[in-house]
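*Asks:* What follows is work-v2.cif; its format and atoms are mmCIF, C-alpha atoms.
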data_target
#
loop_
_atom_site.label_atom_id
_atom_site.label_comp_id
_atom_site.auth_asym_id
_atom_site.auth_seq_id
_atom_site.Cartn_x
_atom_site.Cartn_y
_atom_site.Cartn_z
CA MET A 27 0.00 0.00 0.00
CA ASN A 28 1.60 3.25 -1.11
CA ILE A 29 -1.05 5.56 0.34
CA PHE A 30 -0.80 6.51 3.98
CA VAL A 31 -3.96 7.92 5.39
CA ARG A 32 -4.75 8.67 8.97
CA ILE A 33 -8.39 9.21 9.76
CA GLU A 34 -9.36 11.40 12.66
CA PRO A 35 -12.83 10.20 13.60
CA SER A 36 -13.51 12.99 16.07
CA SER A 37 -12.76 15.70 13.51
CA ALA A 38 -15.53 17.89 12.15
CA VAL A 39 -13.95 17.49 8.71
CA PRO A 40 -15.85 14.77 6.83
CA ILE A 41 -13.90 11.57 6.28
CA TYR A 42 -13.86 11.80 2.48
CA ARG A 43 -12.33 15.26 2.72
CA GLN A 44 -9.69 14.06 5.17
CA ILE A 45 -8.67 11.36 2.72
CA ILE A 46 -8.70 13.70 -0.31
CA GLU A 47 -6.49 16.20 1.48
CA GLN A 48 -3.98 13.59 2.57
CA ILE A 49 -3.67 12.08 -0.90
CA LYS A 50 -3.24 15.53 -2.43
CA TYR A 51 -0.58 16.29 0.13
CA GLN A 52 1.30 13.13 -0.77
CA VAL A 53 1.14 14.04 -4.45
CA ALA A 54 2.27 17.60 -3.73
CA THR A 55 5.28 16.44 -1.72
CA GLY A 56 6.17 13.76 -4.24
CA ALA A 57 5.55 10.86 -1.84
CA LEU A 58 3.18 9.68 -4.56
CA LYS A 59 4.82 10.11 -7.95
CA GLU A 60 3.50 10.67 -11.42
CA GLY A 61 2.46 7.42 -13.05
CA GLU A 62 2.38 5.54 -9.77
CA ARG A 63 -0.49 3.13 -9.34
CA VAL A 64 -2.75 3.61 -6.30
CA PRO A 65 -4.68 0.82 -4.56
CA SER A 66 -8.09 -0.18 -5.91
CA VAL A 67 -11.20 1.15 -4.22
CA ARG A 68 -11.78 -2.23 -2.57
CA GLN A 69 -8.23 -2.52 -1.33
CA LEU A 70 -8.08 0.94 0.16
CA ALA A 71 -11.58 0.62 1.69
CA GLY A 72 -10.61 -2.69 3.30
CA GLU A 73 -7.29 -1.37 4.52
CA LEU A 74 -8.70 1.77 6.12
CA ALA A 75 -11.96 0.14 7.27
CA VAL A 76 -13.82 2.86 5.40
CA ASN A 77 -16.98 2.42 3.34
CA GLN A 78 -16.24 1.65 -0.33
CA ASN A 79 -18.61 4.37 -1.47
CA THR A 80 -16.56 6.92 0.42
CA ILE A 81 -13.36 5.80 -1.30
CA LEU A 82 -15.15 5.77 -4.65
CA LYS A 83 -16.19 9.35 -4.02
CA VAL A 84 -12.62 10.29 -3.09
CA TYR A 85 -11.24 8.77 -6.30
CA ASN A 86 -13.93 10.37 -8.46
CA GLN A 87 -13.25 13.75 -6.92
CA LEU A 88 -9.48 13.38 -7.35
CA CYS A 89 -10.02 12.31 -10.97
CA SER A 90 -12.21 15.32 -11.67
CA GLU A 91 -9.44 17.49 -10.23
CA ASN A 92 -6.96 15.64 -12.40
CA VAL A 93 -4.86 14.36 -9.50
CA LEU A 94 -5.64 10.74 -10.37
CA LYS A 95 -6.79 9.08 -13.56
CA ILE A 96 -8.61 5.80 -14.04
CA GLU A 97 -7.41 3.58 -16.84
CA ARG A 98 -10.27 1.26 -17.62
CA GLY A 99 -9.64 -2.27 -16.46
CA ASN A 100 -6.13 -1.34 -15.56
CA GLY A 101 -6.23 0.53 -12.28
CA THR A 102 -5.93 4.09 -11.05
CA TYR A 103 -2.79 6.18 -11.45
CA VAL A 104 -1.30 9.45 -10.28
CA THR A 105 -1.38 11.97 -13.14
CA GLY A 106 1.29 14.50 -13.95
CA GLY A 107 -0.76 16.95 -11.95
CA LYS A 108 -1.82 19.26 -14.81
CA GLN A 109 -4.82 21.02 -13.34
CA ALA A 110 -8.09 20.76 -15.21
CA ILE A 111 -9.89 23.31 -13.08
CA SER A 112 -9.60 27.06 -13.66
CA LEU A 113 -7.07 29.23 -11.87
CA ALA A 114 -9.86 31.15 -10.14
CA GLU A 115 -11.30 27.91 -8.74
CA ARG A 116 -7.92 26.71 -7.57
CA LYS A 117 -7.23 30.05 -5.87
CA LYS A 118 -10.55 29.85 -4.10
CA ALA A 119 -9.72 26.38 -2.84
CA VAL A 120 -6.35 27.51 -1.48
CA ALA A 121 -7.86 30.62 0.10
CA ARG A 122 -10.07 28.40 2.22
CA TYR A 123 -7.03 26.83 3.85
CA LEU A 124 -5.17 30.10 4.16
CA ARG A 125 -8.06 31.62 6.04
CA GLU A 126 -7.55 29.13 8.86
CA ALA A 127 -3.85 29.85 8.94
CA VAL A 128 -4.49 33.61 9.03
CA VAL A 129 -6.88 33.23 11.96
CA GLN A 130 -4.19 31.33 13.83
CA ALA A 131 -1.58 33.93 12.93
CA ILE A 132 -3.72 36.79 14.24
CA HIS A 133 -4.47 34.89 17.44
CA LEU A 134 -0.80 34.20 18.01
CA ASP A 135 0.21 37.73 17.22
CA ILE A 136 2.15 36.99 14.03
CA SER A 137 2.48 39.98 11.71
CA LEU A 138 1.60 39.87 8.02
CA GLU A 139 5.29 40.20 7.24
CA GLN A 140 6.18 37.23 9.46
CA ALA A 141 3.31 35.18 8.08
CA ARG A 142 4.47 35.89 4.51
CA GLU A 143 7.95 34.72 5.44
CA LEU A 144 6.57 31.50 6.94
CA LEU A 145 4.43 30.84 3.89
CA GLU A 146 7.44 31.20 1.62
CA LYS A 147 9.52 28.90 3.77
CA GLU A 148 6.85 26.17 3.85
CA TYR A 149 6.26 26.49 0.13
CA GLN A 150 9.95 26.07 -0.64
CA ALA A 151 10.35 23.17 1.76
CA ILE A 152 7.53 21.19 0.19
CA LYS A 153 8.62 22.04 -3.34
CA SER A 154 12.18 20.96 -2.71
CA GLY A 155 10.99 17.82 -0.97
CA ARG A 156 9.15 17.02 -4.14
CA ARG A 157 12.21 17.55 -6.31
CA LYS A 158 14.34 15.44 -4.02
CA SER A 159 12.01 12.45 -3.99
CA ARG A 160 11.60 12.70 -7.77
CA SER A 161 15.31 12.39 -8.42
CA GLU A 162 15.52 9.28 -6.26
CA MET B 19 -30.64 0.85 -4.44
CA ASN B 20 -34.42 1.39 -4.36
CA GLU B 21 -35.15 -2.04 -3.03
CA SER B 22 -35.37 -2.34 0.76
CA ALA B 23 -33.64 -5.08 2.68
CA ILE B 24 -35.45 -4.15 5.88
CA GLU B 25 -38.73 -2.27 6.20
CA ILE B 26 -40.18 -1.28 9.54
CA GLU B 27 -43.47 0.56 9.91
CA GLY B 28 -45.09 1.79 13.09
CA LEU B 29 -43.44 -0.93 15.12
CA GLU B 30 -44.50 -1.04 18.77
CA PHE B 31 -43.45 -3.24 21.64
CA SER B 32 -43.75 -3.26 25.43
CA TYR B 33 -42.16 -5.20 28.24
CA GLY B 34 -45.15 -5.37 30.58
CA ARG B 35 -46.23 -1.78 31.09
CA ASN B 36 -42.97 -0.39 29.85
CA LYS B 37 -43.49 0.77 26.28
CA VAL B 38 -40.08 0.38 24.64
CA LEU B 39 -40.89 0.95 20.97
CA LYS B 40 -43.45 3.63 20.23
CA GLY B 41 -43.89 3.42 16.48
CA VAL B 42 -40.53 2.85 14.81
CA ASP B 43 -40.36 3.61 11.06
CA LEU B 44 -37.27 2.62 9.16
CA ASN B 45 -36.18 1.71 5.68
CA VAL B 46 -32.84 0.02 5.02
CA PRO B 47 -31.84 0.06 1.32
CA ALA B 48 -30.53 -3.23 -0.06
CA GLY B 49 -26.75 -3.39 -0.30
CA SER B 50 -26.17 -0.58 2.17
CA ILE B 51 -24.31 -0.54 5.46
CA PHE B 52 -26.76 0.92 7.92
CA GLY B 53 -25.84 2.23 11.36
CA PHE B 54 -28.55 1.90 13.99
CA LEU B 55 -27.71 4.19 16.84
CA GLY B 56 -29.09 4.86 20.24
CA ARG B 57 -28.10 5.08 23.86
CA ASN B 58 -28.27 2.02 26.06
CA GLY B 59 -31.90 1.17 26.64
CA ALA B 60 -33.19 3.10 23.61
CA GLY B 61 -34.68 -0.09 22.15
CA LYS B 62 -32.04 -1.21 19.62
CA THR B 63 -31.85 -4.84 20.72
CA THR B 64 -35.64 -5.06 21.03
CA THR B 65 -36.03 -3.84 17.44
CA ILE B 66 -33.51 -6.44 16.27
CA LYS B 67 -35.31 -9.24 18.10
CA LEU B 68 -38.54 -8.23 16.40
CA LEU B 69 -36.75 -8.32 13.04
CA LEU B 70 -35.76 -11.91 13.75
CA GLY B 71 -39.26 -12.92 14.83
CA LEU B 72 -38.13 -13.64 18.40
CA PHE B 73 -40.78 -11.29 19.80
CA LYS B 74 -44.30 -10.47 18.68
CA PRO B 75 -44.94 -6.78 18.01
CA ALA B 76 -47.75 -4.97 19.84
CA GLY B 77 -48.37 -2.91 16.72
CA GLY B 78 -47.00 -2.17 13.25
CA PHE B 79 -44.98 -4.60 11.15
CA CYS B 80 -41.56 -5.32 9.73
CA ARG B 81 -40.17 -7.15 6.72
CA VAL B 82 -36.71 -8.56 6.24
CA GLY B 83 -35.72 -9.39 2.67
CA GLY B 84 -39.41 -9.07 1.81
CA LEU B 85 -40.42 -11.67 4.42
CA ASP B 86 -42.53 -11.24 7.52
CA PRO B 87 -40.66 -12.59 10.56
CA GLN B 88 -43.96 -13.29 12.31
CA THR B 89 -45.21 -15.71 9.69
CA ASP B 90 -41.99 -16.73 7.93
CA SER B 91 -39.61 -16.94 10.83
CA ILE B 92 -37.60 -19.86 9.45
CA ALA B 93 -37.23 -18.31 6.01
CA VAL B 94 -36.10 -15.08 7.66
CA ARG B 95 -33.47 -16.92 9.70
CA ARG B 96 -32.12 -18.47 6.49
CA THR B 97 -31.88 -15.09 4.76
CA VAL B 98 -30.36 -13.31 7.72
CA GLY B 99 -27.01 -13.65 9.45
CA TYR B 100 -27.30 -12.56 13.05
CA MET B 101 -24.68 -11.80 15.61
CA ALA B 102 -26.08 -11.16 19.07
CA GLU B 103 -24.83 -8.61 21.52
CA ASP B 104 -22.18 -10.27 23.66
CA GLN B 105 -22.90 -13.60 21.99
CA GLN B 106 -22.53 -16.62 24.24
CA MET B 107 -21.40 -19.93 22.76
CA TYR B 108 -20.86 -23.35 24.28
CA GLY B 109 -17.46 -23.14 25.89
CA TRP B 110 -16.76 -26.87 25.87
CA MET B 111 -17.03 -27.12 22.10
CA ARG B 112 -14.09 -26.80 19.77
CA ILE B 113 -14.36 -24.23 16.97
CA GLY B 114 -14.71 -27.01 14.40
CA GLN B 115 -17.50 -28.64 16.41
CA ILE B 116 -19.52 -25.50 16.92
CA ILE B 117 -19.31 -24.74 13.20
CA LYS B 118 -20.63 -28.21 12.36
CA TRP B 119 -23.38 -27.84 14.90
CA VAL B 120 -24.55 -24.43 13.63
CA ALA B 121 -24.19 -25.59 10.01
CA SER B 122 -26.68 -28.40 10.69
CA PHE B 123 -29.46 -25.82 11.05
CA TYR B 124 -28.89 -24.36 7.58
CA PRO B 125 -29.52 -26.29 4.36
CA GLY B 126 -27.53 -23.65 2.45
CA TRP B 127 -24.38 -23.76 4.62
CA ASP B 128 -21.24 -23.15 2.55
CA ASP B 129 -18.32 -25.29 3.81
CA LYS B 130 -15.84 -23.94 1.33
CA PHE B 131 -16.60 -20.37 2.29
CA THR B 132 -16.43 -21.29 5.99
CA ASN B 133 -12.95 -22.72 5.55
CA LYS B 134 -11.89 -19.55 3.79
CA LEU B 135 -13.30 -17.53 6.70
CA LEU B 136 -11.49 -19.69 9.28
CA ASP B 137 -8.29 -18.85 7.51
CA MET B 138 -8.99 -15.19 7.06
CA LEU B 139 -10.25 -14.64 10.60
CA GLU B 140 -7.31 -16.65 11.96
CA LEU B 141 -9.42 -19.07 13.95
CA PRO B 142 -7.76 -22.37 14.90
CA LYS B 143 -10.30 -25.16 14.34
CA ARG B 144 -9.20 -27.26 17.29
CA LYS B 145 -9.27 -24.56 19.89
CA LYS B 146 -11.98 -24.68 22.56
CA VAL B 147 -14.48 -21.83 22.60
CA LYS B 148 -13.93 -21.10 26.30
CA SER B 149 -10.23 -20.45 25.71
CA LEU B 150 -10.78 -17.83 23.00
CA SER B 151 -9.91 -14.17 23.47
CA LYS B 152 -12.66 -11.55 23.19
CA GLY B 153 -11.51 -10.72 19.68
CA GLN B 154 -11.46 -14.34 18.56
CA ASN B 155 -14.85 -14.84 20.15
CA SER B 156 -16.40 -12.04 18.12
CA ARG B 157 -14.70 -13.29 14.96
CA LEU B 158 -16.13 -16.75 15.56
CA ALA B 159 -19.59 -15.26 16.11
CA LEU B 160 -19.18 -13.40 12.82
CA LEU B 161 -18.17 -16.58 11.03
CA LEU B 162 -21.20 -18.43 12.42
CA ALA B 163 -23.42 -15.58 11.23
CA LEU B 164 -22.00 -15.68 7.69
CA GLY B 165 -21.55 -19.36 6.89
CA HIS B 166 -24.91 -19.75 5.20
CA ARG B 167 -24.18 -16.80 2.90
CA PRO B 168 -26.95 -14.50 4.16
CA LYS B 169 -28.20 -11.56 2.06
CA VAL B 170 -28.80 -9.47 5.16
CA VAL B 171 -26.50 -9.38 8.16
CA ILE B 172 -27.67 -8.00 11.49
CA LEU B 173 -24.95 -7.19 13.97
CA ASP B 174 -26.04 -6.17 17.45
CA ASP B 175 -23.30 -4.03 18.92
CA PRO B 176 -20.65 -6.42 17.59
CA THR B 177 -17.61 -4.49 18.77
CA LEU B 178 -18.76 -4.20 22.38
CA GLY B 179 -15.88 -4.95 24.70
CA LEU B 180 -13.22 -5.22 22.00
CA ASP B 181 -10.00 -3.26 22.21
CA PRO B 182 -9.43 -0.58 19.53
CA ILE B 183 -7.27 -2.81 17.34
CA ALA B 184 -9.70 -5.73 17.39
CA ARG B 185 -12.50 -3.28 16.64
CA LYS B 186 -10.80 -1.88 13.60
CA ASP B 187 -10.04 -5.39 12.38
CA PHE B 188 -13.66 -6.31 12.81
CA LEU B 189 -14.82 -3.29 10.80
CA ARG B 190 -12.30 -4.19 8.13
CA TYR B 191 -13.92 -7.60 7.78
CA VAL B 192 -17.33 -5.98 7.52
CA ILE B 193 -16.09 -3.94 4.55
CA SER B 194 -14.07 -6.58 2.77
CA LEU B 195 -16.32 -9.60 3.41
CA LEU B 196 -19.73 -8.03 3.25
CA GLN B 197 -19.83 -4.74 1.40
CA THR B 198 -17.69 -6.13 -1.40
CA ASN B 199 -20.26 -8.88 -1.90
CA GLY B 200 -23.33 -6.68 -1.93
CA VAL B 201 -24.64 -7.88 1.44
CA THR B 202 -26.85 -5.51 3.43
CA VAL B 203 -25.44 -4.84 6.88
CA PHE B 204 -27.59 -3.55 9.74
CA PHE B 205 -25.28 -2.54 12.50
CA SER B 206 -26.31 -1.35 15.95
CA SER B 207 -23.96 0.63 18.11
CA HIS B 208 -23.78 3.40 20.62
CA LEU B 209 -20.36 4.49 19.40
CA LEU B 210 -21.00 6.83 16.55
CA TYR B 211 -17.42 7.87 15.84
CA GLU B 212 -16.51 4.24 15.45
CA ILE B 213 -19.09 3.28 12.86
CA GLU B 214 -19.11 6.54 10.93
CA PRO B 215 -16.33 5.58 8.50
CA VAL B 216 -18.10 2.34 7.72
CA VAL B 217 -21.77 3.21 7.28
CA ASP B 218 -23.76 4.69 4.37
CA TYR B 219 -26.77 5.57 6.49
CA VAL B 220 -27.44 6.42 10.09
CA ALA B 221 -30.68 6.18 12.05
CA ILE B 222 -30.93 7.53 15.57
CA LEU B 223 -33.33 5.85 17.96
CA LYS B 224 -34.42 7.80 21.01
CA GLU B 225 -36.94 6.63 23.56
CA GLY B 226 -38.58 4.21 21.18
CA VAL B 227 -38.85 6.39 18.06
CA ILE B 228 -36.51 7.20 15.19
CA VAL B 229 -35.57 10.86 15.52
CA LYS B 230 -33.41 10.95 12.42
CA SER B 231 -32.63 8.69 9.47
CA GLU B 232 -30.28 10.04 6.86
CA THR B 233 -27.17 9.36 4.82
CA THR B 234 -24.11 9.93 6.97
CA GLU B 235 -22.91 12.59 4.61
CA GLN B 236 -26.18 14.52 4.53
CA LEU B 237 -26.45 14.37 8.31
CA ARG B 238 -22.99 15.88 8.64
CA ARG B 239 -23.76 18.54 6.11
CA SER B 240 -27.16 19.61 7.40
CA VAL B 241 -26.54 19.97 11.14
CA LYS B 242 -24.67 23.12 12.14
CA LYS B 243 -23.92 25.03 15.27
CA LEU B 244 -24.67 28.74 14.86
CA VAL B 245 -22.92 31.10 17.23
CA LEU B 246 -24.63 34.42 17.99
CA ARG B 247 -23.77 37.34 20.17
CA GLY B 248 -25.88 36.66 23.21
CA ALA B 249 -27.82 39.90 23.48
CA GLY B 250 -31.34 38.54 23.22
CA GLU B 251 -33.33 36.40 25.60
CA ILE B 252 -33.62 32.76 24.64
CA LYS B 253 -37.22 31.82 24.11
CA PRO B 254 -38.33 28.24 24.47
CA ASN B 255 -38.57 26.21 21.25
CA SER B 256 -38.15 29.35 19.26
CA VAL B 257 -37.40 27.89 15.83
CA GLU B 258 -38.39 24.64 14.15
CA GLY B 259 -35.45 22.27 13.82
CA VAL B 260 -33.48 23.60 16.79
CA LEU B 261 -31.74 20.67 18.51
CA ASP B 262 -29.79 22.40 21.20
CA ILE B 263 -29.31 25.85 22.66
CA GLU B 264 -26.55 26.76 25.05
CA ARG B 265 -25.12 29.91 26.44
CA VAL B 266 -21.34 30.14 26.41
CA GLY B 267 -20.15 33.31 28.12
CA ASP B 268 -21.64 36.22 26.19
CA ARG B 269 -22.44 34.02 23.18
CA ILE B 270 -25.34 31.78 22.37
CA ALA B 271 -24.75 28.58 20.41
CA VAL B 272 -27.76 27.18 18.57
CA THR B 273 -27.52 23.74 16.96
CA VAL B 274 -29.99 23.32 14.10
CA GLU B 275 -30.84 20.58 11.63
CA ASP B 276 -31.46 21.17 7.89
CA CYS B 277 -29.45 24.36 8.12
CA ASP B 278 -30.08 26.74 5.21
CA ASP B 279 -30.48 30.50 4.68
CA GLY B 280 -34.11 30.40 5.79
CA LYS B 281 -33.19 28.73 9.04
CA ARG B 282 -30.26 31.07 9.63
CA SER B 283 -32.41 34.17 9.30
CA ALA B 284 -35.17 32.63 11.42
CA VAL B 285 -32.66 32.00 14.22
CA GLU B 286 -31.25 35.52 13.90
CA LYS B 287 -34.71 37.06 14.02
CA LYS B 288 -35.83 35.06 17.05
CA MET B 289 -32.66 35.74 18.96
CA GLY B 290 -32.51 39.38 17.92
CA SER B 291 -28.83 39.03 17.15
CA ASP B 292 -26.52 38.24 14.22
CA ILE B 293 -24.78 34.95 13.55
CA ILE B 294 -21.07 35.57 13.96
CA ARG B 295 -19.84 32.07 13.26
CA GLU B 296 -21.06 28.77 11.87
CA VAL B 297 -19.41 25.62 13.16
CA ASP B 298 -19.29 22.14 11.60
CA LEU B 299 -19.87 19.31 14.06
CA ASN B 300 -18.57 15.79 14.19
CA LEU B 301 -21.05 12.93 14.28
CA ASP B 302 -20.71 12.40 18.01
CA GLU B 303 -21.70 15.99 18.63
CA ILE B 304 -24.59 15.61 16.19
CA PHE B 305 -25.72 12.43 17.94
CA GLU B 306 -25.54 14.20 21.27
CA ALA B 307 -27.61 17.11 19.97
CA TYR B 308 -30.34 14.71 18.88
CA VAL B 309 -30.45 12.52 21.97
CA ILE B 310 -29.77 14.93 24.81
CA GLY B 311 -30.09 18.32 23.15
CA ASN B 312 -31.59 21.14 25.14
CA ARG B 313 -34.23 22.63 22.88
CA GLY B 314 -34.55 25.79 24.85
CA GLU B 315 -36.85 24.75 27.67
CA ALA B 316 -34.42 25.23 30.52
CA VAL B 317 -32.01 27.90 29.44
CA SER B 318 -33.50 30.75 31.43
CA ALA B 319 -30.69 30.67 33.99
#
Would you mind giving the structure from this file in structure tokens?

*Replies:*
Amino acid sequence: MNIFVRIEPSSAVPIYRQIIEQIKYQVATGALKEGERVPSVRQLAGELAVNQNTILKVYNQLCSENVLKIERGNGTYVTGGKQAISLAERKKAVARYLREAVVQAIHLDISLEQARELLEKEYQAIKSGRRKSRSE
Amino acid sequence: MNESAIEIEGLEFSYGRNKVLKGVDLNVPAGSIFGFLGRNGAGKTTTIKLLLGLFKPAGGFCRVGGLDPQTDSIAVRRTVGYMAEDQQMYGWMRIGQIIKWVASFYPGWDDKFTNKLLDMLELPKRKKVKSLSKGQNSRLALLLALGHRPKVVILDDPTLGLDPIARKDFLRYVISLLQTNGVTVFFSSHLLYEIEPVVDYVAILKEGVIVKSETTEQLRRSVKKLVLRGAGEIKPNSVEGVLDIERVGDRIAVTVEDCDDGKRSAVEKKMGSDIIREVDLNLDEIFEAYVIGNRGEAVSA
């Protein structure tokens, strides 16, 4: 199994969204590489003890976002990551996460300047992690 | 998925003068995994016993796989796999013996499948039932419930008393053995967070009636906690669909079902204050709001 997912049952985030986010994260960091085959719906559902319909929904959503692609009769694979959705949509999706981070920053008395610095650092770290694992 | 595996309509039952079920209505779609939730004593086990034809209802009816347990009890038992709450089995028997014994009741018992299950569930055939661990015991009970290849499986609080690892293993078997084969699973529990990942639908039983029956996803999406600045007085039962009202410092938190714009503005109007935040809840919190929610009667303090 090349997908590592940890489900937090007490979270208010629905389970399918938890799984989607973790798979996306693994693609973004390069832990899951382009062309790599992911487990079948049945396999992953059995492994995680999660309803098959939930996993099916996760895969469909990730396919529609062009993170995964299904090759008929041949399994599901990680795509090159070319985004099918518009830039505006993608920005909106990212803004949702940033909002939470900004709330935290304000609570913890982090200035906009400091927050910007942190964002850059995290961005670089994940990007370079991706490059590193790709060259392996 | 339009076909129902289990239909219950207006089901009533009493133990002496104690009315336990007061008109239960429920519809379990074929092929689904259905979570049947309620606190201890809500009437879950009683409902299940009526489904199996072990009790006679005082009113209403139920059907399992299209059959009436009152008139077709044997046919129902052949269609259904049942695992009782804290199932007791003869301790002096060996696993192999108890399987043979149970198999003798079912003309459709599948020996090949049973052997596969023994392997998969890691049950040693020669071991005596009394020497099994809790986890092995529940796996054996599951095997005995599945050996005749039932279309509908009824599990009454099957993970009761198991440690977290054994529980997760058990749920894994439910997915890989049952859902994969299109079996309908009716699963009672009082641990919502545990069954949430596994179930398609959830029904909540409270004091003998179903207070909510919904897809897990829809239930999560439709119940919200609205936080308002607590200027206004809280009036009892102010808005339809309010499950819980609580005062937290200078804020008022109102938990509502079927949350939409209409409901939001109704709450704002009644409370005479604006919603400043809307909070998603986890299923445990939602369950709590339904079964012990304070609908505004006693918040005057």

*Asks:* Which value, in Å to one decimal, gives the distance between atom CA of Lys288 of chain B and atom CA of Arg313 of chain B?

*Replies:*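 Answer for the atom CA of Lys288 of chain B to atom CA of Arg313 of chain B separation: 13.8 Å.
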
*Asks:* Under the rule that only C-alpha atoms are counted, which of A:Arg142, A:Arg122, A:Lys59, A:His133 is the nearest residue to Gly106 of chain A?

*Replies:*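 The closest residue to Gly106 of chain A is A:Lys59.
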
*Asks:* Report as a PyMOL selection string all protein, DNA and RNA residues lying within 7 Å of segment 33-48 of chain A, evaluated on all atoms listed in the file, omitting residues in the same chain fewer than 6 positions from it.

*Replies:* (chain A and resi 80+84) or (chain B and resi 211+215+298-300)

*Asks:* Select residues of chain B: the criterion is any atom within 12 Å of an atom of chain A, counting only C-alpha atoms; output as number ranges by chain.

*Replies:* B: 49-53, 183-200, 203, 209-219, 233-239, 241-243, 297-304

*Asks:* Go through B:Gly99, B:Val38, B:Val46, B:Glu30 and flag the residue nearest Gly78 of chain B, using all atoms listed in the file for the distances.

*Replies:* B:Glu30

*Asks:* What is the distance between atom CA of Gln115 of chain B and atom CA of Lys146 of chain B, in Å to one decimal?

*Replies:*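 Computing the Euclidean distance for atom CA of Gln115 of chain B and atom CA of Lys146 of chain B yields 9.2 Å.
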
*Asks:* Select all residues near (-27.8, -14.7, -1.1) (cut-off 8 Å, inclusive, file coordinates), counting only C-alpha atoms, and output them as a list in words.

*Replies:*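 Here the neighbourhood of the point contains Thr97, Arg167, Pro168, Lys169 and Val201 of chain B.
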
*Asks:* Enter the distance from atom CA of Lys281 of chain B to atom CA of Val257 of chain B, in Å, rounded to one decimal.

*Replies:* 8.0 Å

*Asks:* For Ala131 of chain A, find every residue with an atom within 12 Å (counting all atoms listed in the file), except residues of its own chain fewer than 4 positions away, and show them as a list in words.

*Replies:*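 Here the answer would be Leu124, Arg125, Glu126, Ala127, Asp135, Ile136, Ser137, Leu138, Glu139, Gln140, Ala141, Arg142, Leu144 and Leu145 of chain A.
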
*Asks:* Would you mind exporting the chosen residues as a short mmCIF file (atom, residue, chain, number, x, y, z; two decimals), in the frame of the given file, restricted to C-alpha atoms?

*Replies:*
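File written: part-v6.cif
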data_model
loop_
_atom_site.label_atom_id
_atom_site.label_comp_id
_atom_site.auth_asym_id
_atom_site.auth_seq_id
_atom_site.Cartn_x
_atom_site.Cartn_y
_atom_site.Cartn_z
CA LEU A 124 -5.17 30.10 4.16
CA ARG A 125 -8.06 31.62 6.04
CA GLU A 126 -7.55 29.13 8.86
CA ALA A 127 -3.85 29.85 8.94
CA ASP A 135 0.21 37.73 17.22
CA ILE A 136 2.15 36.99 14.03
CA SER A 137 2.48 39.98 11.71
CA LEU A 138 1.60 39.87 8.02
CA GLU A 139 5.29 40.20 7.24
CA GLN A 140 6.18 37.23 9.46
CA ALA A 141 3.31 35.18 8.08
CA ARG A 142 4.47 35.89 4.51
CA LEU A 144 6.57 31.50 6.94
CA LEU A 145 4.43 30.84 3.89
#

*Asks:* With distances taken over only C-alpha atoms, which residue among B:Leu39, B:Ala102, B:Leu69, B:Leu161 lies nearest Lys118 of chain B?

*Replies:*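 With only C-alpha atoms as the atom set, the closest residue is B:Leu161.
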
*Asks:* So that I can see what lies close to Phe123 of chain B, please list as a tab-separated table (two decimals) with C-alpha atoms, in the frame of the given file the residues with an atom at most 12 Å from it, counting all atoms listed in the file and leaving out residues fewer than 2 positions away in the same chain.

*Replies:*
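See out.tsv below for the written result:
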chain	number	residue	atom	x	y	z
B	92	ILE	CA	-37.60	-19.86	9.45
B	93	ALA	CA	-37.23	-18.31	6.01
B	95	ARG	CA	-33.47	-16.92	9.70
B	96	ARG	CA	-32.12	-18.47	6.49
B	116	ILE	CA	-19.52	-25.50	16.92
B	117	ILE	CA	-19.31	-24.74	13.20
B	118	LYS	CA	-20.63	-28.21	12.36
B	119	TRP	CA	-23.38	-27.84	14.90
B	120	VAL	CA	-24.55	-24.43	13.63
B	121	ALA	CA	-24.19	-25.59	10.01
B	125	PRO	CA	-29.52	-26.29	4.36
B	126	GLY	CA	-27.53	-23.65	2.45
B	127	TRP	CA	-24.38	-23.76	4.62
B	162	LEU	CA	-21.20	-18.43	12.42
B	163	ALA	CA	-23.42	-15.58	11.23
B	165	GLY	CA	-21.55	-19.36	6.89
B	166	HIS	CA	-24.91	-19.75	5.20

*Asks:* Mind listing as a list of chain:residue names all residues within 10 Å of (-34.9, -12.9, 12.5), counting all atoms listed in the file?

*Replies:*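 So the residues meeting the distance criterion are B:Ile66, B:Lys67, B:Leu68, B:Leu69, B:Leu70, B:Gly71, B:Leu72, B:Phe73, B:Arg81, B:Val82, B:Leu85, B:Asp86, B:Pro87, B:Gln88, B:Asp90, B:Ser91, B:Ile92, B:Ala93, B:Val94, B:Arg95, B:Arg96, B:Thr97, B:Val98, B:Gly99, B:Tyr100, B:Ile172.
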
*Asks:* So what does the PyMOL selection byres ((chain B and resi 306-309) around 8) actually pick up in this one, as a list of chain:residue names?

*Replies:*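 So the PyMOL selection byres ((chain B and resi 306-309) around 8), applied here, picks out B:Gly56, B:Ile222, B:Lys224, B:Val229, B:Leu261, B:Asp262, B:Thr273, B:Asp302, B:Glu303, B:Ile304, B:Phe305, B:Ile310, B:Gly311, B:Asn312.
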
*Asks:* Could you put an axis-aligned box around every listed atom of segment 38-49 of chain B, padded by 4 Å on each side, and send me its centre and edge lengths in Å to one decimal, as lines of an AutoDock Vina configuration file?

*Replies:*
center_x = -35.3
center_y = 0.1
center_z = 12.2
size_x = 25.1
size_y = 15.0
size_z = 32.9

*Asks:* Could you tell me, as a list in words, exactly which residues end up selected when the PyMOL selection byres ((chain A and resi 60) around 9) is applied to this structure?

*Replies:*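 In the shown coordinates, the PyMOL selection byres ((chain A and resi 60) around 9) covers Val53, Gly56, Leu58, Lys59, Gly61, Glu62, Arg63, Tyr103, Val104, Thr105, Gly106 and Gly107 of chain A.
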